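Enquirer: Encoded as C-alpha cells, here's the structure I'll be asking about.
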Amino acid sequence: MESSEKTDVVLLACGSFNPITNMHLRLFELAKDYMNGTGKYRVIKGIISPVGDAYKKKGLISAHHRVIMAELATKNSEWVEVDTWESLQKDWVETAKVLRHHQEKLGARVCDHQQDSPGLERPGRKRKWTEQSQEFNQKKFPEPKTKDGPKIKLLCGADILESFGVPNLWKSEDITKIVGDYGLICVTRAGNDAQKFIYESDVLWKHQNNIHLVNEWITNDISSTKIRRALRRGQSIRYLVPDLVREYIEKHNLYNSETEERNVGVILAPLQRNTANANS
C-alpha cells in the first residue's frame, strides 16, 4: 500500500502511571510494530496521559510527581511524549473525553497546516494551540500526510478491556464511543481471554473491527503495583523502571507504607459518579 493511502495513527495511553514502568513503554513499541505491520496504518506519535489526582485510586501519589516520572521515562524517545492536560483537570475526566480532547487537538493542528496565508488563520484557535504546544508538547510533531489527518486510538492492556464489564466503572455510551468512534489497541498475552471477552459483549462484538488485539509473545509481568510493593519492602526496582525514574523515586522517597494508604476507603471517582447517575 502506498504511504499516502495509510492512515496516520496517534496512540493514547491513559492511566495512573503510578509509577510508569518499562512495561508501559513496551506497550507503545508493541502496538506500533503491529499497526505498522498491517500495512494500513502508520503510527506517528504516542501520548502518555496520566490521570488527575481526583481519580482517587488507592495509593495514588501526586500527579505532579507522576507526570515528571513519565517525562523522565520518555526523555530519549523520538515519538512518545507526555501530555499534562488530563492530569491538570480539577475533576476526574472520562477517558472518552480525553480521547475527544486529543482528536480535536490533532484536528486543530491539521487546520493550522492547511492555512495558505496567516491572514486566513483564526487567531483565537491559533493562539490557544500555540500555548498548549509550548506548555504540553515539546517534541516535534510529524507532518500529517493523510487527507483527514491523524486518528487517535486508545492503547491499553487486556485488563482495561476486561474492566469494561465491571458494573458502573464505565458508562455504556463511553464504551461505545471509545471502540466505535476512536478504536482500541489492546496488548494481550498469549492465552488471554480478550477475544472471548469481545465475543461475550454485544457492544465490543459490534465494533470488533475497530479493536486490535496485539499478542505480547515476550511476556512481561511488570506492574506498578508490584513496583510499589518492592519499594515498600526496601527491594531493588532496577531494570524494572527507567533509571531516571528510579533515581527520582529514591530522591523523593515517593512510595512507602504511608503513601499506599492514600485514598483508602474513598470510592473511585468513576464508580462514585456513575453510581450516582444510575441512581438519579
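Quick note on naming: the chains in the C-alpha cells go A, B, ... in the order shown, residues restart at 1 in each chain, and ligands are numbered from 1 in order of appearance.
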Which residues, written as number ranges by chain, have at least one atom at most 12 Å from stretch 197-201 of chain A, with only C-alpha atoms counted and residues fewer than 5 positions away on the same chain left out?

Expert: A: 158-165, 172, 175-176, 179, 184, 186, 192, 206-213

Enquirer: Smallest atom-to-atom distance to A:Glu86: which of A:Ser49, A:Gln103, A:Asn168, A:Asn256, using only C-alpha atoms?

Expert: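 Closest residue, counting only C-alpha atoms: A:Ser49.
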
Enquirer: Contacts between stretch 9-14 of chain A and stretch 18-119 of chain A, please, where a residue of stretch 18-119 of chain A counts if it comes within 12 Å (with only C-alpha atoms); show its shortest atom pair and distance in Å to one decimal, rows by chain and ascending number, as a Markdown table.

Expert:
```
| residue | atom | partner | partner_atom | distance |
| --- | --- | --- | --- | --- |
| A:Asn18 | CA | A:Cys14 | CA | 11.7 |
| A:Ile20 | CA | A:Cys14 | CA | 11.4 |
| A:His24 | CA | A:Ala13 | CA | 8.8 |
| A:Leu25 | CA | A:Ala13 | CA | 10.0 |
| A:Arg26 | CA | A:Ala13 | CA | 11.8 |
| A:Leu27 | CA | A:Ala13 | CA | 9.0 |
| A:Phe28 | CA | A:Leu11 | CA | 7.5 |
| A:Glu29 | CA | A:Leu11 | CA | 10.4 |
| A:Leu30 | CA | A:Leu11 | CA | 11.3 |
| A:Ala31 | CA | A:Leu11 | CA | 8.3 |
| A:Lys32 | CA | A:Leu11 | CA | 8.3 |
| A:Met35 | CA | A:Val9 | CA | 8.6 |
| A:Asn36 | CA | A:Val9 | CA | 9.5 |
| A:Lys40 | CA | A:Val9 | CA | 10.1 |
| A:Tyr41 | CA | A:Val9 | CA | 6.6 |
| A:Arg42 | CA | A:Val9 | CA | 5.9 |
| A:Val43 | CA | A:Val9 | CA | 4.7 |
| A:Ile44 | CA | A:Val10 | CA | 6.0 |
| A:Lys45 | CA | A:Val10 | CA | 4.9 |
| A:Gly46 | CA | A:Leu11 | CA | 4.6 |
| A:Ile47 | CA | A:Leu12 | CA | 4.8 |
| A:Ile48 | CA | A:Ala13 | CA | 5.1 |
| A:Ser49 | CA | A:Cys14 | CA | 4.9 |
| A:Pro50 | CA | A:Cys14 | CA | 5.9 |
| A:Val51 | CA | A:Cys14 | CA | 6.7 |
| A:Gly52 | CA | A:Cys14 | CA | 10.4 |
| A:Tyr55 | CA | A:Cys14 | CA | 12.0 |
| A:Val67 | CA | A:Cys14 | CA | 12.0 |
| A:Ala70 | CA | A:Ala13 | CA | 11.6 |
| A:Trp79 | CA | A:Val10 | CA | 9.8 |
| A:Val80 | CA | A:Leu11 | CA | 8.8 |
| A:Glu81 | CA | A:Leu12 | CA | 9.9 |
| A:Val82 | CA | A:Ala13 | CA | 9.7 |
| A:Asp83 | CA | A:Leu12 | CA | 9.7 |
| A:Thr84 | CA | A:Cys14 | CA | 11.0 |
| A:Trp85 | CA | A:Cys14 | CA | 11.4 |
| A:Glu86 | CA | A:Cys14 | CA | 8.9 |
| A:Ser87 | CA | A:Cys14 | CA | 10.1 |
| A:Val93 | CA | A:Cys14 | CA | 10.6 |
| A:Glu94 | CA | A:Cys14 | CA | 10.0 |
| A:Thr95 | CA | A:Cys14 | CA | 7.2 |
| A:Ala96 | CA | A:Cys14 | CA | 10.4 |
| A:Lys97 | CA | A:Cys14 | CA | 11.3 |
| A:Val98 | CA | A:Cys14 | CA | 8.4 |
| A:Leu99 | CA | A:Leu12 | CA | 7.6 |
| A:Arg100 | CA | A:Leu12 | CA | 11.1 |
| A:His101 | CA | A:Leu12 | CA | 11.2 |
| A:His102 | CA | A:Leu12 | CA | 8.5 |
| A:Gln103 | CA | A:Val10 | CA | 9.1 |
| A:Lys105 | CA | A:Val10 | CA | 11.6 |
| A:Leu106 | CA | A:Val10 | CA | 9.1 |
```

Enquirer: In Å, with one decimal, what is the gap from atom CA of A:Ile68 to atom CA of A:Glu104?

Expert: 25.0 Å

Enquirer: Report the residues of stretch 11-251 of chain A whose backbone DSSP state falls under helix (DSSP H, G or I), written as a count of residues only.

Expert: 121

Enquirer: Give the answer as one residue: which of A:Ile222, A:Leu60, A:Leu254, A:Met23 has the shortest atom-to-atom distance to A:Leu268, using only C-alpha atoms?

Expert: A:Leu60

Enquirer: Would you mind listing what lies within 9 Å of A:Leu244 as number ranges by chain, with only C-alpha atoms counted and same-chain residues fewer than 4 positions away left out?

Expert: A: 69, 72-73, 248-249

Enquirer: Find, counting only C-alpha atoms, the residue in A:Val187, A:Val214, A:Thr38, A:Tyr255 that gets nearest to A:Gly234.

Expert: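 Distance minimum relative to A:Gly234 lands on A:Tyr255.
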
Enquirer: Taking the backbone alone, and naming residues the way the document does, which bits of stretch 9-43 of chain A are strand (DSSP E) by DSSP, as a ChimeraX atom specification?

Expert: /A:9-15,41-43

Enquirer: Grab the residues selected above and save them as a PDB file, in the first residue's frame with N, CA, C and O atoms.

Expert:
```pdb
ATOM      1  N   VAL A   9      -1.787   7.297  12.640  1.00  0.00           N
ATOM      2  CA  VAL A   9      -2.385   6.986  13.939  1.00  0.00           C
ATOM      3  C   VAL A   9      -1.544   7.559  15.079  1.00  0.00           C
ATOM      4  O   VAL A   9      -0.317   7.501  15.045  1.00  0.00           O
ATOM      5  N   VAL A  10      -2.237   8.095  16.078  1.00  0.00           N
ATOM      6  CA  VAL A  10      -1.605   8.547  17.313  1.00  0.00           C
ATOM      7  C   VAL A  10      -2.116   7.653  18.433  1.00  0.00           C
ATOM      8  O   VAL A  10      -3.331   7.504  18.616  1.00  0.00           O
ATOM      9  N   LEU A  11      -1.211   7.040  19.159  1.00  0.00           N
ATOM     10  CA  LEU A  11      -1.573   6.146  20.253  1.00  0.00           C
ATOM     11  C   LEU A  11      -1.679   6.933  21.556  1.00  0.00           C
ATOM     12  O   LEU A  11      -0.749   7.648  21.936  1.00  0.00           O
ATOM     13  N   LEU A  12      -2.796   6.790  22.239  1.00  0.00           N
ATOM     14  CA  LEU A  12      -3.010   7.479  23.511  1.00  0.00           C
ATOM     15  C   LEU A  12      -3.174   6.454  24.625  1.00  0.00           C
ATOM     16  O   LEU A  12      -4.054   5.597  24.569  1.00  0.00           O
ATOM     17  N   ALA A  13      -2.322   6.534  25.633  1.00  0.00           N
ATOM     18  CA  ALA A  13      -2.416   5.657  26.798  1.00  0.00           C
ATOM     19  C   ALA A  13      -2.816   6.485  28.017  1.00  0.00           C
ATOM     20  O   ALA A  13      -2.098   7.415  28.396  1.00  0.00           O
ATOM     21  N   CYS A  14      -3.955   6.170  28.589  1.00  0.00           N
ATOM     22  CA  CYS A  14      -4.421   6.837  29.805  1.00  0.00           C
ATOM     23  C   CYS A  14      -4.228   5.888  30.984  1.00  0.00           C
ATOM     24  O   CYS A  14      -4.294   4.672  30.819  1.00  0.00           O
ATOM     25  N   GLY A  15      -3.993   6.435  32.156  1.00  0.00           N
ATOM     26  CA  GLY A  15      -3.815   5.581  33.321  1.00  0.00           C
ATOM     27  C   GLY A  15      -3.165   6.313  34.468  1.00  0.00           C
ATOM     28  O   GLY A  15      -2.860   7.504  34.380  1.00  0.00           O
ATOM     29  N   TYR A  41      -1.827   1.221   8.451  1.00  0.00           N
ATOM     30  CA  TYR A  41      -1.631   2.336   9.361  1.00  0.00           C
ATOM     31  C   TYR A  41      -0.163   2.719   9.454  1.00  0.00           C
ATOM     32  O   TYR A  41       0.733   1.926   9.173  1.00  0.00           O
ATOM     33  N   ARG A  42       0.046   3.959   9.894  1.00  0.00           N
ATOM     34  CA  ARG A  42       1.393   4.428  10.181  1.00  0.00           C
ATOM     35  C   ARG A  42       1.334   5.180  11.508  1.00  0.00           C
ATOM     36  O   ARG A  42       0.713   6.238  11.609  1.00  0.00           O
ATOM     37  N   VAL A  43       1.931   4.612  12.544  1.00  0.00           N
ATOM     38  CA  VAL A  43       1.935   5.253  13.863  1.00  0.00           C
ATOM     39  C   VAL A  43       2.959   6.381  13.847  1.00  0.00           C
ATOM     40  O   VAL A  43       4.140   6.152  13.592  1.00  0.00           O
TER      41      VAL A  43
END
```

Enquirer: Go through A:Ile61, A:Ser223, A:Ile185, A:Pro242 one by one, measure the shortest atom-to-atom distance of each to A:Lys75 using only C-alpha atoms, and give the residue with the smallest value.

Expert: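 Of all the options, A:Pro242 lies closest to A:Lys75.
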
Enquirer: So which one's closest to A:Thr219, A:Glu5, A:Thr188, A:Lys196, A:Gly157? Using only C-alpha atoms, please.

Expert: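 Residue with the minimum atom-to-atom distance to A:Thr219: A:Thr188.
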